[in-house]
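Student: Below is the file coords.tsv, which contains TSV, C-alpha atoms.
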chain	number	residue	atom	x	y	z
A	1	MET	CA	0.00	0.00	0.00
A	2	LEU	CA	1.32	3.42	-0.94
A	3	SER	CA	2.25	5.73	1.92
A	4	THR	CA	0.89	9.19	1.11
A	5	SER	CA	0.45	12.65	2.48
A	6	ALA	CA	-1.09	15.61	0.65
A	7	SER	CA	2.26	16.13	-1.05
A	8	VAL	CA	4.41	13.00	-0.76
A	9	THR	CA	3.79	9.51	-2.10
A	10	ILE	CA	6.13	6.61	-1.25
A	11	ASP	CA	5.94	3.26	-3.02
A	12	PRO	CA	6.86	0.57	-0.45
A	13	ALA	CA	7.51	-1.97	-3.21
A	14	ARG	CA	10.41	0.15	-4.42
A	15	CYS	CA	11.59	1.61	-1.08
A	16	SER	CA	14.78	-0.06	0.21
A	17	GLY	CA	14.57	1.56	3.63
A	18	CYS	CA	17.93	3.32	3.20
A	19	GLY	CA	16.68	6.47	4.92
A	20	ALA	CA	18.17	8.87	2.36
A	21	CYS	CA	14.87	10.72	2.04
A	22	ILE	CA	14.52	11.07	5.81
A	23	ARG	CA	17.99	12.54	6.17
A	24	VAL	CA	17.43	15.37	3.68
A	25	CYS	CA	13.83	16.29	4.61
A	26	PRO	CA	13.95	19.80	6.13
A	27	SER	CA	10.53	19.41	7.75
A	28	ASP	CA	10.92	15.98	9.41
A	29	ILE	CA	7.70	14.60	7.95
A	30	LEU	CA	9.27	11.26	6.92
A	31	SER	CA	10.08	8.28	9.10
A	32	LEU	CA	11.02	4.60	8.87
A	33	GLU	CA	8.41	2.06	9.88
A	34	ASN	CA	9.26	-1.64	9.63
A	35	GLY	CA	12.16	-0.84	7.33
A	36	THR	CA	10.10	1.28	4.92
A	37	ALA	CA	9.92	5.07	4.61
A	38	ARG	CA	6.57	6.57	5.43
A	39	ALA	CA	5.09	10.04	5.07
A	40	ALA	CA	3.39	11.74	7.97
A	41	PRO	CA	-0.42	11.58	7.92
A	42	ASP	CA	-2.41	14.37	6.36
A	43	THR	CA	-2.78	16.21	9.66
A	44	HIS	CA	0.93	17.07	9.54
A	45	THR	CA	1.34	17.94	5.86
A	46	ALA	CA	1.32	21.67	6.46
A	47	ARG	CA	5.01	21.30	7.35
A	48	CYS	CA	5.91	19.87	3.94
A	49	LEU	CA	7.76	22.47	1.87
A	50	GLN	CA	7.34	20.51	-1.37
A	51	CYS	CA	11.04	21.09	-1.94
A	52	GLY	CA	11.59	17.73	-3.62
A	53	HIS	CA	14.70	16.84	-1.59
A	54	CYS	CA	13.28	13.42	-0.69
A	55	MET	CA	12.39	12.68	-4.30
A	56	ALA	CA	15.80	13.78	-5.54
A	57	ALA	CA	17.67	11.75	-2.89
A	58	CYS	CA	15.84	8.41	-3.26
A	59	PRO	CA	18.12	5.93	-5.10
A	60	GLU	CA	15.17	3.69	-5.98
A	61	GLY	CA	12.83	6.35	-7.34
A	62	ALA	CA	10.22	5.39	-4.74
A	63	VAL	CA	9.22	8.94	-3.77
A	64	THR	CA	6.90	11.20	-5.73
A	65	ILE	CA	5.96	14.80	-4.93
A	66	LEU	CA	2.45	15.14	-6.28
A	67	ASP	CA	2.51	18.92	-6.75
A	68	LEU	CA	5.81	19.11	-8.64
A	69	ASP	CA	5.43	19.35	-12.42
A	70	PRO	CA	7.91	17.08	-14.25
A	71	ASP	CA	7.25	18.97	-17.48
A	72	LEU	CA	9.35	21.84	-16.11
A	73	GLN	CA	12.35	19.67	-16.97
A	74	ASP	CA	11.30	19.45	-20.62
A	75	PHE	CA	12.55	22.33	-22.74
A	76	SER	CA	11.62	23.37	-26.26
A	77	THR	CA	14.87	25.01	-27.32
A	78	PHE	CA	17.41	22.58	-25.86
A	79	THR	CA	17.72	19.18	-24.18
A	80	MET	CA	18.86	18.88	-20.58
A	81	ASP	CA	20.53	15.90	-18.96
A	82	PRO	CA	18.18	15.14	-16.03
A	83	VAL	CA	20.88	13.51	-13.90
A	84	TRP	CA	21.71	15.55	-10.81
A	85	LEU	CA	25.03	17.42	-11.02
A	86	PRO	CA	26.97	17.07	-7.74
A	87	PRO	CA	28.87	20.08	-6.35
A	88	GLY	CA	32.25	20.45	-7.99
A	89	LYS	CA	31.43	18.07	-10.85
A	90	GLY	CA	30.63	18.49	-14.53
A	91	LEU	CA	30.60	22.28	-14.82
A	92	SER	CA	33.87	24.11	-14.42
A	93	THR	CA	34.10	27.10	-12.12
A	94	GLN	CA	36.08	28.83	-14.86
A	95	GLY	CA	33.24	28.41	-17.34
A	96	LEU	CA	30.62	29.64	-14.91
A	97	ALA	CA	32.79	32.59	-13.90
A	98	ARG	CA	33.21	33.59	-17.54
A	99	LEU	CA	29.44	33.47	-18.04
A	100	ILE	CA	28.74	35.56	-14.92
A	101	CYS	CA	31.37	38.15	-15.80
A	102	SER	CA	30.38	38.32	-19.49
A	103	ARG	CA	26.70	39.06	-18.87
A	104	ARG	CA	26.07	42.77	-19.27
A	105	SER	CA	22.93	44.89	-19.23
A	106	CYS	CA	21.87	45.32	-22.85
A	107	ARG	CA	20.55	48.66	-24.08
A	108	HIS	CA	20.66	48.08	-27.84
A	109	TYR	CA	18.47	45.38	-29.36
A	110	SER	CA	17.69	44.15	-32.83
A	111	GLN	CA	13.99	44.01	-33.64
A	112	ALA	CA	14.05	40.25	-34.15
A	113	PRO	CA	11.22	38.84	-32.01
A	114	VAL	CA	12.00	36.58	-29.07
A	115	GLU	CA	10.38	33.19	-29.58
A	116	ARG	CA	7.69	32.29	-27.06
A	117	GLU	CA	9.28	28.87	-26.66
A	118	ARG	CA	12.53	30.50	-25.62
A	119	MET	CA	10.77	32.73	-23.11
A	120	ALA	CA	8.94	29.70	-21.71
A	121	ASP	CA	12.24	27.86	-21.28
A	122	LEU	CA	13.69	30.87	-19.45
A	123	ILE	CA	10.76	30.82	-17.03
A	124	LYS	CA	11.10	27.07	-16.45
A	125	LEU	CA	14.66	27.66	-15.31
A	126	ALA	CA	13.70	30.76	-13.34
A	127	VAL	CA	11.50	28.73	-11.01
A	128	PHE	CA	14.41	26.50	-10.01
A	129	ALA	CA	15.74	29.47	-8.02
A	130	PRO	CA	15.37	29.26	-4.24
A	131	SER	CA	12.40	30.96	-2.58
A	132	GLY	CA	11.54	31.79	1.01
A	133	THR	CA	10.08	28.69	2.74
A	134	ASN	CA	10.02	27.24	-0.79
A	135	SER	CA	6.77	29.12	-1.41
A	136	GLN	CA	7.39	29.26	-5.19
A	137	ALA	CA	4.71	31.95	-5.42
A	138	TRP	CA	6.15	33.54	-8.55
A	139	THR	CA	4.09	34.93	-11.39
A	140	PHE	CA	5.43	35.72	-14.86
A	141	THR	CA	3.77	38.08	-17.31
A	142	CYS	CA	5.33	38.03	-20.77
A	143	LEU	CA	5.08	40.85	-23.29
A	144	THR	CA	6.01	39.20	-26.55
A	145	SER	CA	5.82	42.05	-29.08
A	146	ARG	CA	7.39	45.45	-29.44
A	147	SER	CA	3.96	47.08	-29.61
A	148	GLU	CA	3.05	45.62	-26.18
A	149	VAL	CA	6.33	46.86	-24.70
A	150	LEU	CA	5.76	50.33	-26.16
A	151	ALA	CA	2.21	50.47	-24.78
A	152	LEU	CA	3.48	49.67	-21.30
A	153	GLY	CA	6.19	52.28	-21.76
A	154	LEU	CA	3.59	54.95	-22.49
A	155	SER	CA	1.70	54.10	-19.29
A	156	ILE	CA	4.89	54.30	-17.25
A	157	LYS	CA	5.87	57.55	-18.95
A	158	ALA	CA	2.48	59.04	-18.03
A	159	PHE	CA	3.05	58.06	-14.41
A	160	PHE	CA	6.41	59.85	-14.29
A	161	GLU	CA	4.96	62.91	-15.99
A	162	ARG	CA	2.44	63.16	-13.16
A	163	LEU	CA	5.14	62.51	-10.57
A	164	ASN	CA	7.45	65.15	-12.05
A	165	LYS	CA	4.65	67.70	-12.04
A	166	ARG	CA	4.14	67.09	-8.33
A	167	ALA	CA	7.88	67.17	-7.67
A	168	GLU	CA	8.17	70.57	-9.37
A	169	ASN	CA	5.85	72.01	-6.72
A	170	PHE	CA	8.28	73.46	-4.18
A	171	LEU	CA	5.66	74.14	-1.53
A	172	LEU	CA	4.27	70.63	-1.80
A	173	ARG	CA	7.71	69.02	-1.49
A	174	LYS	CA	8.73	71.05	1.54
A	175	SER	CA	5.36	70.75	3.26
A	176	LEU	CA	5.50	66.97	3.01
A	177	ALA	CA	9.10	66.99	4.24
A	178	LEU	CA	8.13	69.07	7.28
A	179	VAL	CA	5.65	66.39	8.39
A	180	GLY	CA	8.22	63.64	7.92
A	181	ASN	CA	7.42	62.52	4.36
A	182	LYS	CA	10.63	63.24	2.46
A	183	THR	CA	9.95	60.85	-0.42
A	184	LEU	CA	8.97	63.49	-2.97
A	185	ASP	CA	11.84	65.79	-1.98
A	186	HIS	CA	14.27	62.87	-2.25
A	187	TYR	CA	12.92	62.03	-5.69
A	188	PHE	CA	13.27	65.63	-6.86
A	189	THR	CA	16.89	65.80	-5.73
A	190	ASN	CA	18.06	62.40	-6.95
A	191	TYR	CA	15.89	61.36	-9.87
A	192	TYR	CA	13.83	64.22	-11.25
A	193	PRO	CA	16.56	65.73	-13.49
A	194	SER	CA	17.46	62.45	-15.22
A	195	VAL	CA	13.84	61.38	-15.57
A	196	LYS	CA	12.91	64.74	-17.10
A	197	THR	CA	15.78	64.49	-19.58
A	198	ALA	CA	14.83	60.93	-20.50
A	199	MET	CA	11.20	61.87	-21.17
A	200	GLU	CA	12.26	64.81	-23.31
A	201	GLN	CA	14.43	62.47	-25.37
A	202	MET	CA	11.53	60.06	-25.72
A	203	GLU	CA	9.32	62.83	-27.07
A	204	LYS	CA	11.74	64.86	-29.18
A	205	GLU	CA	14.13	62.16	-30.38
A	206	ASN	CA	11.78	59.15	-30.33
A	207	ARG	CA	14.28	57.29	-28.13
A	208	ASP	CA	13.12	54.48	-25.90
A	209	ARG	CA	14.89	55.47	-22.72
A	210	LEU	CA	12.86	53.04	-20.62
A	211	PHE	CA	13.10	49.64	-22.35
A	212	HIS	CA	15.92	50.56	-24.75
A	213	GLY	CA	14.18	49.16	-27.81
A	214	ALA	CA	13.65	45.69	-26.38
A	215	PRO	CA	11.08	43.64	-28.32
A	216	ALA	CA	10.02	41.58	-25.30
A	217	LEU	CA	9.63	41.89	-21.55
A	218	ILE	CA	9.13	39.53	-18.62
A	219	LEU	CA	7.47	40.93	-15.50
A	220	ILE	CA	8.16	38.84	-12.42
A	221	GLY	CA	5.66	39.13	-9.61
A	222	SER	CA	4.37	37.28	-6.60
A	223	SER	CA	1.06	35.88	-5.50
A	224	PRO	CA	-0.14	36.36	-1.92
A	225	GLY	CA	1.46	34.06	0.64
A	226	ALA	CA	5.14	34.36	-0.28
A	227	THR	CA	7.37	34.99	2.73
A	228	CYS	CA	10.12	36.84	0.80
A	229	PRO	CA	8.39	37.92	-2.42
A	230	LYS	CA	10.83	40.57	-3.62
A	231	GLU	CA	13.89	38.43	-2.91
A	232	ASP	CA	12.24	35.44	-4.62
A	233	ALA	CA	11.55	37.49	-7.75
A	234	LEU	CA	15.10	38.82	-7.97
A	235	LEU	CA	16.58	35.35	-7.53
A	236	ALA	CA	14.35	34.10	-10.35
A	237	ALA	CA	15.42	37.11	-12.43
A	238	GLY	CA	19.06	36.17	-11.87
A	239	ASN	CA	18.43	32.76	-13.40
A	240	ILE	CA	16.80	34.44	-16.40
A	241	LEU	CA	19.65	36.90	-16.92
A	242	LEU	CA	22.34	34.21	-16.99
A	243	THR	CA	20.35	31.70	-19.02
A	244	ALA	CA	19.37	34.33	-21.57
A	245	HIS	CA	23.04	35.08	-22.20
A	246	THR	CA	23.70	31.43	-23.05
A	247	MET	CA	20.79	31.59	-25.51
A	248	GLY	CA	22.24	34.58	-27.33
A	249	LEU	CA	19.79	37.02	-25.76
A	250	GLY	CA	20.46	40.35	-24.09
A	251	THR	CA	18.68	41.47	-20.92
A	252	CYS	CA	18.30	44.52	-18.71
A	253	LEU	CA	16.54	44.93	-15.38
A	254	ILE	CA	14.21	47.95	-15.55
A	255	GLY	CA	13.79	49.37	-12.06
A	256	TYR	CA	11.80	52.43	-13.15
A	257	ALA	CA	9.06	50.17	-14.51
A	258	VAL	CA	8.80	48.34	-11.19
A	259	ALA	CA	8.67	51.61	-9.24
A	260	ALA	CA	5.87	52.99	-11.43
A	261	MET	CA	3.81	49.80	-11.23
A	262	ASP	CA	4.23	49.72	-7.46
A	263	GLU	CA	2.87	53.24	-7.08
A	264	ASP	CA	0.16	53.05	-9.74
A	265	ARG	CA	-1.54	49.65	-9.67
A	266	SER	CA	-3.74	50.59	-12.61
A	267	ILE	CA	-0.75	49.96	-14.88
A	268	GLN	CA	-0.68	46.26	-14.08
A	269	LYS	CA	-4.47	46.15	-14.37
A	270	GLU	CA	-4.09	47.27	-18.01
A	271	LEU	CA	-1.98	44.16	-18.55
A	272	GLY	CA	-4.55	41.86	-16.98
A	273	ILE	CA	-2.41	41.24	-13.90
A	274	PRO	CA	-4.64	40.67	-10.84
A	275	GLU	CA	-4.57	43.32	-8.14
A	276	SER	CA	-3.54	40.65	-5.61
A	277	GLU	CA	-0.18	40.25	-7.35
A	278	THR	CA	2.80	42.59	-6.95
A	279	ILE	CA	5.46	43.11	-9.61
A	280	HIS	CA	9.02	43.03	-8.25
A	281	ALA	CA	11.22	42.76	-11.36
A	282	ALA	CA	11.02	43.71	-15.03
A	283	VAL	CA	13.44	42.06	-17.47
A	284	ALA	CA	13.80	43.64	-20.91
A	285	LEU	CA	14.68	40.92	-23.40
A	286	GLY	CA	15.83	40.65	-26.99
A	287	TYR	CA	18.62	39.72	-29.36
A	288	PRO	CA	21.44	42.21	-28.73
A	289	ASP	CA	22.68	44.71	-31.26
A	290	GLU	CA	25.92	45.35	-29.41
A	291	THR	CA	29.18	43.47	-28.88
A	292	TYR	CA	32.02	43.70	-26.39
A	293	GLN	CA	35.67	42.76	-26.57
A	294	ARG	CA	36.60	41.93	-23.00
A	295	ILE	CA	35.43	41.38	-19.46
A	296	THR	CA	35.79	44.42	-17.20
A	297	GLY	CA	36.00	44.80	-13.44
A	298	ARG	CA	33.63	46.02	-10.75
A	299	LYS	CA	33.89	48.39	-7.82
A	300	ASN	CA	35.53	46.85	-4.78
A	301	PRO	CA	32.80	45.62	-2.41
A	302	THR	CA	32.82	45.84	1.34
A	303	ILE	CA	33.84	42.38	2.62
A	304	ARG	CA	33.88	41.20	6.22
A	305	PHE	CA	35.06	37.87	7.62
A	306	CYS	CA	33.67	37.42	11.12
As structure tokens, what does this structure read like?
Tutor:
Amino acid sequence: MLSTSASVTIDPARCSGCGACIRVCPSDILSLENGTARAAPDTHTARCLQCGHCMAACPEGAVTILDLDPDLQDFSTFTMDPVWLPPGKGLSTQGLARLICSRRSCRHYSQAPVERERMADLIKLAVFAPSGTNSQAWTFTCLTSRSEVLALGLSIKAFFERLNKRAENFLLRKSLALVGNKTLDHYFTNYYPSVKTAMEQMEKENRDRLFHGAPALILIGSSPGATCPKEDALLAAGNILLTAHTMGLGTCLIGYAVAAMDEDRSIQKELGIPESETIHAAVALGYPDETYQRITGRKNPTIRFC
């Protein structure tokens, strides 16, 4: 008889009783009974993180996580070896370092469209990023045409036009600052000049200073219930940025788009994104129309060994 919880199924005919699944379970919902692994009864399943550690560790393939979609390992644009890669094996640190250091934010794109299959593969790899309490509460909204990206850009531009008009009001800025709300004054000092210049260039020179001519965009959000929604989204975005580079795509994180959508929720409503979701990252995407000759450095970070 199969041992099951709401999330975990164990086939006793295949289980060898080695205990590998029990050792790696972070929630202690597995145990050995009469030499066979068993899942806790349904009353305890709230502790299951659905992380898949038990399934990945079982040498006999006796464990199944019912809510994990195996199709996320099937890709349209490439084939992946499904065998687990142990730390320090298979992929050289040198190769990974070259990939990390070669990825650059792209601000010049060709108008070749990004295939939907390629975007879907990027998202499949994005969700293998870690998430707080393994909530996996990501959402991904894909704009797949230049016209869709431009339409979103116009909505964001309208938001900043309204914000700049408020920021230009000296009395309003200082009155808010006097009562402890320095947000508008901070914006005026640090962002208003560059935003004003960018919008003038968009109008007079027809330059896309927001999405830099990208023909596609992925908005990464979160559904209610995530414990670290912003961090989760940025970790998923990191997977997309690196994978896109291996696919020949350029990317750029667009913080101004996220800021506008956070302040004006009607923008995401125009895209059909439910009000319950929050957008935390925007990744401009396309085939790059720029090349580089070498890897450069970075500023020295602050490092502490305690």
Student: Determine, counting all atoms listed in the file, which protein, DNA and RNA residues have an atom within 8 Å of an atom of Gln50 (chain A); residues of the same chain fewer than 6 positions away are not included. Present the result as a ChimeraX atom specification.
Tutor: /A:7,65,67-68,134
Student: With 8 Å as the threshold, what does the neighbourhood of (11.2, 40.4, -20.0) contain in terms of residues, counting only C-alpha atoms? Coordinates are those of the file; answer as a count of residues only.
Tutor: 11
Student: Using all atoms listed in the file, can you tell me which of A:Gln201, A:Ser76, A:Ser102, A:Thr64 comes closest to Gln293 (chain A)?
Tutor: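 Closest to Gln293 (chain A), using all atoms listed in the file: A:Ser102.
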Student: Using CA of Arg265 (chain A) and CA of Ser155 (chain A) as the two end points, give the distance in Å to one decimal.
Tutor: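 So the answer is 11.1 Å.
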Student: Give me the residues near region 24-36 of chain A as a compact mmCIF listing (two decimals) with C-alpha atoms, in the coordinates of the input, where near means some atom within 8 Å (using only C-alpha atoms) and where sequence neighbours in that chain fewer than 2 positions away do not count.
Tutor:
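Okay, this is what ended up in result33.txt:
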# COMPACT_ATOMS: atom_id res chain seq x y z
CA PRO A 12 6.86 0.57 -0.45
CA CYS A 15 11.59 1.61 -1.08
CA SER A 16 14.78 -0.06 0.21
CA GLY A 17 14.57 1.56 3.63
CA GLY A 19 16.68 6.47 4.92
CA ALA A 20 18.17 8.87 2.36
CA CYS A 21 14.87 10.72 2.04
CA ILE A 22 14.52 11.07 5.81
CA ARG A 38 6.57 6.57 5.43
CA ALA A 39 5.09 10.04 5.07
CA ALA A 40 3.39 11.74 7.97
CA HIS A 44 0.93 17.07 9.54
CA THR A 45 1.34 17.94 5.86
CA ARG A 47 5.01 21.30 7.35
CA CYS A 48 5.91 19.87 3.94
CA LEU A 49 7.76 22.47 1.87
CA HIS A 53 14.70 16.84 -1.59
CA CYS A 54 13.28 13.42 -0.69
CA ALA A 57 17.67 11.75 -2.89
Student: Counting only C-alpha atoms, which residues of region 104-189 of chain A fall within 12 Å of region 203-207 of chain A, and what is the closest atom pair for each with its distance in Å at one decimal, ordered by chain and rising number, as JSON lines?
Tutor:
{"residue": "A:Arg107", "atom": "CA", "partner": "A:Arg207", "partner_atom": "CA", "distance": 11.4}
{"residue": "A:His108", "atom": "CA", "partner": "A:Arg207", "partner_atom": "CA", "distance": 11.2}
{"residue": "A:Leu150", "atom": "CA", "partner": "A:Arg207", "partner_atom": "CA", "distance": 11.2}
{"residue": "A:Gly153", "atom": "CA", "partner": "A:Arg207", "partner_atom": "CA", "distance": 11.5}
{"residue": "A:Leu154", "atom": "CA", "partner": "A:Glu203", "partner_atom": "CA", "distance": 10.8}
{"residue": "A:Lys157", "atom": "CA", "partner": "A:Glu203", "partner_atom": "CA", "distance": 10.3}
{"residue": "A:Ala158", "atom": "CA", "partner": "A:Glu203", "partner_atom": "CA", "distance": 12.0}
{"residue": "A:Glu161", "atom": "CA", "partner": "A:Glu203", "partner_atom": "CA", "distance": 11.9}
Student: Env of Phe170 (chain A): 12 Å cut, atoms = only C-alpha atoms, seq-sep filter 6 positions within chain, self excluded. Answer as a ChimeraX atom specification.
Tutor: /A:164,176-177,184-185,188-189
Student: Compile the contact shell of Asp121 (chain A) as a short mmCIF file (atom, residue, chain, number, x, y, z; two decimals) with C-alpha atoms, in the frame of the given file: residues with an atom at most 10 Å away, counting all atoms listed in the file, same-chain residues fewer than 5 positions apart removed.
Tutor:
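Result saved to out_2.cif:
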data_model
loop_
_atom_site.label_atom_id
_atom_site.label_comp_id
_atom_site.auth_asym_id
_atom_site.auth_seq_id
_atom_site.Cartn_x
_atom_site.Cartn_y
_atom_site.Cartn_z
CA LEU A 72 9.35 21.84 -16.11
CA GLN A 73 12.35 19.67 -16.97
CA ASP A 74 11.30 19.45 -20.62
CA PHE A 75 12.55 22.33 -22.74
CA SER A 76 11.62 23.37 -26.26
CA THR A 77 14.87 25.01 -27.32
CA PHE A 78 17.41 22.58 -25.86
CA ARG A 116 7.69 32.29 -27.06
CA ALA A 126 13.70 30.76 -13.34
CA ILE A 240 16.80 34.44 -16.40
CA THR A 243 20.35 31.70 -19.02
CA ALA A 244 19.37 34.33 -21.57
#
Student: Could you tell me which of A:Gly221, A:Pro59, A:Pro229, A:Pro274 comes closest to Arg14 (chain A) if we count all atoms listed in the file?
Tutor: A:Pro59
Student: Wanna dump the region 141-255 of chain A-region 88-97 of chain A contacts at 12 Å for me, each residue with its shortest atom pair and the distance in Å to one decimal, counting only C-alpha atoms, ordered by chain and number, as JSON lines?
Tutor:
{"residue": "A:Leu242", "atom": "CA", "partner": "A:Leu96", "partner_atom": "CA", "distance": 9.7}
{"residue": "A:Thr243", "atom": "CA", "partner": "A:Leu96", "partner_atom": "CA", "distance": 11.3}
{"residue": "A:His245", "atom": "CA", "partner": "A:Leu96", "partner_atom": "CA", "distance": 11.8}
{"residue": "A:Thr246", "atom": "CA", "partner": "A:Leu96", "partner_atom": "CA", "distance": 10.8}
Student: Please report the interatomic distance between CA of Phe160 (chain A) and CA of Arg173 (chain A) in Å with one decimal.
Tutor: 15.8 Å
Student: Using all atoms listed in the file, pick whichever of A:Met80, A:Ile267, A:Ile156, A:Ile10 has the shortest atom-to-atom distance to Leu66 (chain A).
Tutor: A:Ile10
Student: Counting only C-alpha atoms, find the residues whose atoms lie at most 7 Å from (11.1, 40.1, -1.4) (file coordinates) and write them out as a list in words.
Tutor: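 All residues meeting the 7 Å criterion around (11.1, 40.1, -1.4) are Cys228, Pro229, Lys230, Glu231, Asp232 and Ala233 of chain A.
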Student: Figure out the distance between CA of Leu249 (chain A) and CA of Asp289 (chain A), please, to one decimal in Å.
Tutor: 9.9 Å
Student: Find the residue from A:Leu172, A:Ile100, A:Ala120, A:Val127 that sits nearest to Cys51 (chain A); use only C-alpha atoms when measuring.
Tutor: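 Result for the nearest residue to Cys51 (chain A): A:Val127.
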Student: Once 6 Å is added on each side, what are the centre and the three edge lengths, in Å to one decimal, of the axis-aligned box enclosing the listed atoms of region 232-238 of chain A? Present them as JSON.
Tutor:
{"center_x": 15.3, "center_y": 36.5, "center_z": -8.5, "size_x": 19.5, "size_y": 16.7, "size_z": 19.8}
Student: From the options A:Leu271, A:Val83, A:Ala198, A:Ala214, which residue's atoms come nearest to Tyr256 (chain A), counting only C-alpha atoms?
Tutor: A:Ala198
Student: Using all atoms listed in the file, find the one residue out of A:Lys165, A:His280, A:Lys196, A:Arg103 that sits nearest to Ser222 (chain A).
Tutor: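 Of the candidates, the smallest distance to Ser222 (chain A) is held by A:His280.
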Student: Take region 217-235 of chain A, model N, CA and C atoms, and hand the result over as a CSV table (one decimal), keeping the file's coordinate frame.
Tutor:
chain,number,residue,atom,x,y,z
A,217,LEU,N,9.5,41.5,-23.0
A,217,LEU,CA,9.6,41.9,-21.6
A,217,LEU,C,9.0,40.8,-20.7
A,218,ILE,N,9.7,40.5,-19.6
A,218,ILE,CA,9.1,39.5,-18.6
A,218,ILE,C,9.0,40.3,-17.3
A,219,LEU,N,7.8,40.3,-16.8
A,219,LEU,CA,7.5,40.9,-15.5
A,219,LEU,C,7.4,39.8,-14.5
A,220,ILE,N,8.2,39.9,-13.4
A,220,ILE,CA,8.2,38.8,-12.4
A,220,ILE,C,7.5,39.4,-11.2
A,221,GLY,N,6.4,38.7,-10.8
A,221,GLY,CA,5.7,39.1,-9.6
A,221,GLY,C,5.5,38.0,-8.6
A,222,SER,N,4.6,38.3,-7.6
A,222,SER,CA,4.4,37.3,-6.6
A,222,SER,C,2.9,37.2,-6.3
A,223,SER,N,2.4,36.1,-6.0
A,223,SER,CA,1.1,35.9,-5.5
A,223,SER,C,1.1,36.0,-4.0
A,224,PRO,N,-0.1,36.3,-3.4
A,224,PRO,CA,-0.1,36.4,-1.9
A,224,PRO,C,0.4,35.1,-1.3
A,225,GLY,N,1.0,35.2,-0.1
A,225,GLY,CA,1.5,34.1,0.6
A,225,GLY,C,3.0,33.8,0.6
A,226,ALA,N,3.7,34.5,-0.3
A,226,ALA,CA,5.1,34.4,-0.3
A,226,ALA,C,5.7,35.0,0.9
A,227,THR,N,6.8,34.4,1.5
A,227,THR,CA,7.4,35.0,2.7
A,227,THR,C,8.4,36.0,2.4
A,228,CYS,N,9.1,35.9,1.2
A,228,CYS,CA,10.1,36.8,0.8
A,228,CYS,C,9.9,37.2,-0.7
A,229,PRO,N,8.8,37.8,-1.0
A,229,PRO,CA,8.4,37.9,-2.4
A,229,PRO,C,9.4,38.7,-3.3
A,230,LYS,N,9.9,39.8,-2.8
A,230,LYS,CA,10.8,40.6,-3.6
A,230,LYS,C,12.1,39.8,-3.8
A,231,GLU,N,12.6,39.2,-2.8
A,231,GLU,CA,13.9,38.4,-2.9
A,231,GLU,C,13.7,37.2,-3.9
A,232,ASP,N,12.5,36.6,-3.7
A,232,ASP,CA,12.2,35.4,-4.6
A,232,ASP,C,12.3,35.9,-6.1
A,233,ALA,N,11.6,37.0,-6.4
A,233,ALA,CA,11.6,37.5,-7.8
A,233,ALA,C,12.9,37.8,-8.3
A,234,LEU,N,13.8,38.4,-7.5
A,234,LEU,CA,15.1,38.8,-8.0
A,234,LEU,C,16.0,37.6,-8.2
A,235,LEU,N,15.8,36.6,-7.3
A,235,LEU,CA,16.6,35.4,-7.5
A,235,LEU,C,16.1,34.7,-8.8
